[in-house]
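Participant: The following block contains the structure, expressed as structure tokens.
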Amino acid sequence: MSKTMEELYSPLVKGKQKAAARNWNSSKLWRKLKPYLYLLPAAILLGIWMYKPLIHTFYLAFHKWSMVPGTDKLFVGFDNFTRLLQNEAFAGAIGNTVFYTLGLLPFSIAIPLVLAVVTNQMNPRMKNFYRALFFIPMILAPVSVSAIWRWLFHPSNGIVNHLLLKLGFVQEQIAFFSDASWAKWIILLITGWKMLGFSTIMFAAALTGINREYYEAGAIDGAGSFRQFLYITVPLMSPMILFMLTMSLLFSSQWTFAYIDILTTGGPYGTSTNIYYEMYRFAFSNLNVGVSSAAAMLFFVLFGLIALSLNAVSRRFAFYDN
Amino acid sequence: MNKRSQVLSMFQHGALALMCAAAIIPLYWMVISSLKNESEIFTASLFPLQPTFGNYSYAFSQMPIVRMIFNSFGVSILMTVLQLATGLLAAYALVRWRFRGKSLIFALLSVTWLIPFQAIMIPNYVLINDMGLNETLLGIVLPFGVSTFAILSLYQAFQSFPGVLIEAACIDGLSDWGILTRLILPNIRSTVASLGIIQFINAWNEYLWPMLVTKDMNSAPIQIGLKLFVNSDTNMWGSLMAATTVSCLPILLIYLVLRRQIVDSFIRFGIK
């Protein structure tokens with residue numbers, strides 16, 4: 001296979017070389033152009049499917065349009081933004097987004113960090129065995145995961161309700177997905193379940209990079225394990241902690257999207273929806289492209305600012321052991 | 001001291017075993033439920049007393065599962081190959097030459113990290129419809145033909161390649177294309193493979209975009225078909241779990257074979 005590839009490409013390569021040798025001037029131009037040629041496929045695809053749509057969404061944010069082909073887009077100024085901010089459902093979605101974002105932090109930072117530290121000294125064989133198992137949720141598709149959890153938490157026949165009843169924790173079955181006080185907790189739990197193993201492994205990997213001598217020095221100075229954790233582990237782990245924090249804060253609401261769509265469609269009464277799901281609903285259920293685009297732009301900028309400030313924080317406070 | 005370390009070790013194993021149980025039990029329950037017959041499915045028995053494949057045959061008769069798995073493979077492989085190809089070319093240009101606009105390109109690439117798909121989905125959806133590509137695999141693949149995550153990851157991998165070797169190859173008269181394909185690529189094969197694995201898994205698990213593009217089971221990847229089946233409000237939980245098991249199987253099999261590489265590549269490249 002590789003041989004035929006070489007044969008295929010070699011005439012082309014030789015041709016290029018000859019052309020280059022023939023004329024100094026054209027070879028100079030060729031050399032100048034070359035980087036751009038290599039970038040071209042990526043640039044074309046990014047231009048068509050990423051940057052142009054982004055600008056287009058910005059344009060749509062100031063227009064009223066229902067996505068019907070052939071209809072005109074009506075310029076409405078900042079109308080979409082004011083309507084968005086007055087929309088009560090959207091205010092609730094923002095609240096839930098904050099709930100999901102903060103609620104995921106124990107699963108993406110706190111518990112994994114402790115687990116990684118506690119298991120750091122384990123024998124490598126066992127560690128690999130455990131790792132292989134608790135990494136599995138991470139690689140499974142959100143749809144499959146949703147289907148499984150829907151069955152686990154099924155209101156009348158799910159195993160969770162079955163156990164809760166049998167153990168006497170509840171008197172009657174809980175309708176987890178249609179009970180307003182439960183729906184968003186279940187979605188948070190699923191997202192956290194998927195995140196936990198992955199974060200633990202990331203922190204464990206960062207831990208193995210820490211020089212053991214610091215702990216020996218700490219132990220000689222009389223620092224107990226808790227103080228070692230606080231004054232040695234945490235500072236040396238700070239780049240990884242900040243990285244995971246950034247990922248978690250920026251993407252947690254995107255990660256919940258599939259679970260919301262499949263398990264609750266945002267309900268009951270919008271109690272489990274978030275901003276990204278509302279954007280999808282504005283566009284594809286209400287056919288209100290303008291408001292969806294306005295929301296997308298607003299939060300693109302907002303999350304951009306959050307990312308910038310997190311970046312500044314990590315430059316300032318992350319501690320690198322050189 | 002000895003006793004303390006024993007307690008610690010017990011705690012370690014306890015914590016990890018608990019986590020593994022939490023990770024595995026839902027999957028176990030999925031497989032077990034898929035093998036239970038109608039009278040057993042609503043009981044809490046930990047394994048099927050009369051295991052049956054009836055749920056599987058029902059699921060296969062209700063949905064074009066083979067077709068959808070095939071679609072998923074098509075989409076994921078095509079996406080991965082495109083992303084690696086465009087990524088390799090772009091990363092090579094960025095490492096190899098200094099040229100005008102390079103820092104602007106880096107800035108533009110980094111920004112894409114922050115663009116949520118919801119901020120580009122409407123124009124992309126309209127464009128795919130205008131091109132007549134809805135309900136096609138190409139329609140799912142095209143917007144994901146390039147991944148800035150892949151470009152930047154490959155850029156990092158290229159950077160660690162010794163520049164002296166490239167210079168030497170240059171003097172030996174190897175063309176720029178030759179340097180990429182015959183010198184660098186063979187040496188960073190494993191990196192490219194790791195990245196490919198991640199991109200494949202991500203493509204396989206993609207949800208929002210395939211859902212917008214395909215509505216019909218025959219043209220949908222397995223994830224979308226499964227979603228349609230979940231939402232069809234049947235009470236056929238046995239066959240639903242059978243279908244779910246089938247949808248997880250390819251990824252789980254790949255994981256079984258390549259688990260070291262998969263875990264390592266996720267550690268190396270992180271997630272998007």
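The way I read the labels, and the way they are meant: chains A, B, ... in the order of the structure tokens, residue 1 as the first residue of every chain, and ligand 1 as the first ligand shown, with later ones counted on from there.
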Tell me, as a list of chain:residue names, which residues lie within 6 Å of region 196-206 of chain A, counting only C-alpha atoms; anything in the same chain fewer than 4 positions away does not count.

Facilitator: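 Final neighbour list, sorted by chain and number: A:Phe107, A:Ser108, A:Pro112, A:Ala116, A:Phe134, A:Phe135, A:Gly192, B:Ile267.
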
Participant: Output the selection as a compact mmCIF listing (two decimals), in the first residue's frame - C-alpha atoms for each residue.

Facilitator:
# COMPACT_ATOMS: atom_id res chain seq x y z
CA PHE A 107 -16.98 15.79 39.61
CA SER A 108 -14.36 17.44 37.44
CA PRO A 112 -10.88 13.41 41.06
CA ALA A 116 -5.76 10.75 42.18
CA PHE A 134 -13.27 3.86 35.18
CA PHE A 135 -12.33 5.43 31.91
CA GLY A 192 -20.58 14.03 36.37
CA ILE B 267 -4.22 12.11 28.61

Participant: Select residues of chain B: the criterion is any atom within 7 Å of an atom of chain A, counting only C-alpha atoms; output as number ranges by chain.

Facilitator: B: 12, 16, 19-20, 23, 26, 30, 42, 44, 86-87, 89-90, 93, 97, 114-115, 118-120, 123-124, 143, 145-146, 175, 201, 205, 207, 223, 227, 230, 244, 247-248, 259, 267

Participant: If we count only C-alpha atoms and set the cut-off at 9 Å, which residues sit around region 127-134 of chain B, ignoring sequence neighbours fewer than 5 positions away in its own chain? Please answer as a list of chain:residue names.

Facilitator: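 Contacts, in chain order: A:Pro69, B:Ile122, B:Gly139, B:Ile140, B:Leu212, B:Val213, B:Thr214, B:Lys215.
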
Participant: Would you mind exporting the chosen residues as a CSV table (one decimal), in the first residue's frame, restricted to C-alpha atoms?

Facilitator:
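Here's the written file result-v7.csv:
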chain,number,residue,atom,x,y,z
A,69,PRO,CA,-36.2,29.3,2.2
B,122,ILE,CA,-28.1,27.7,11.7
B,139,GLY,CA,-23.7,16.3,4.9
B,140,ILE,CA,-22.7,15.0,8.4
B,212,LEU,CA,-30.1,18.1,12.5
B,213,VAL,CA,-29.0,16.6,9.2
B,214,THR,CA,-30.7,13.2,9.4
B,215,LYS,CA,-34.2,12.4,10.4

Participant: Name the residues of region 103-135 of chain B that come out as helix (DSSP H, G or I) in a backbone DSSP run; write them as a PyMOL selection string.

Facilitator: chain B and resi 103-112+117-119+121-130

Participant: Measure the distance from CA of Ala217 (chain A) to CA of Met237 (chain A) in Å and round it to one decimal.

Facilitator: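 Value for the CA of Ala217 (chain A)-CA of Met237 (chain A) distance: 17.5 Å.
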
Participant: Ile65 (chain B): which residues within 10 Å, counting only C-alpha atoms, same-chain residues fewer than 2 positions away excluded, as an NGL selection string?

Facilitator: :B and (59-63 or 67-71 or 217-218 or 220-222 or 225-226 or 243 or 246-247)

Participant: For the atom pair CA of Ile77 (chain B) and CA of Met121 (chain B), what is the interatomic distance in Å to one decimal place?

Facilitator: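 Computed distance, CA of Ile77 (chain B) to CA of Met121 (chain B), equals 22.3 Å.
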
Participant: Residues near region 72-83 of chain A, anyone? I mean within 7 Å using only C-alpha atoms, not counting same-chain ones fewer than 3 positions away, as a PyMOL selection string.

Facilitator: chain A and resi 61-65+86-87+290-291+294

Participant: Looking at only C-alpha atoms, which of B:Asp264, B:Leu109, B:Met79, B:Ile24 is the one that sits closest to Phe149 (chain B)?

Facilitator: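 Closest candidate: B:Leu109.
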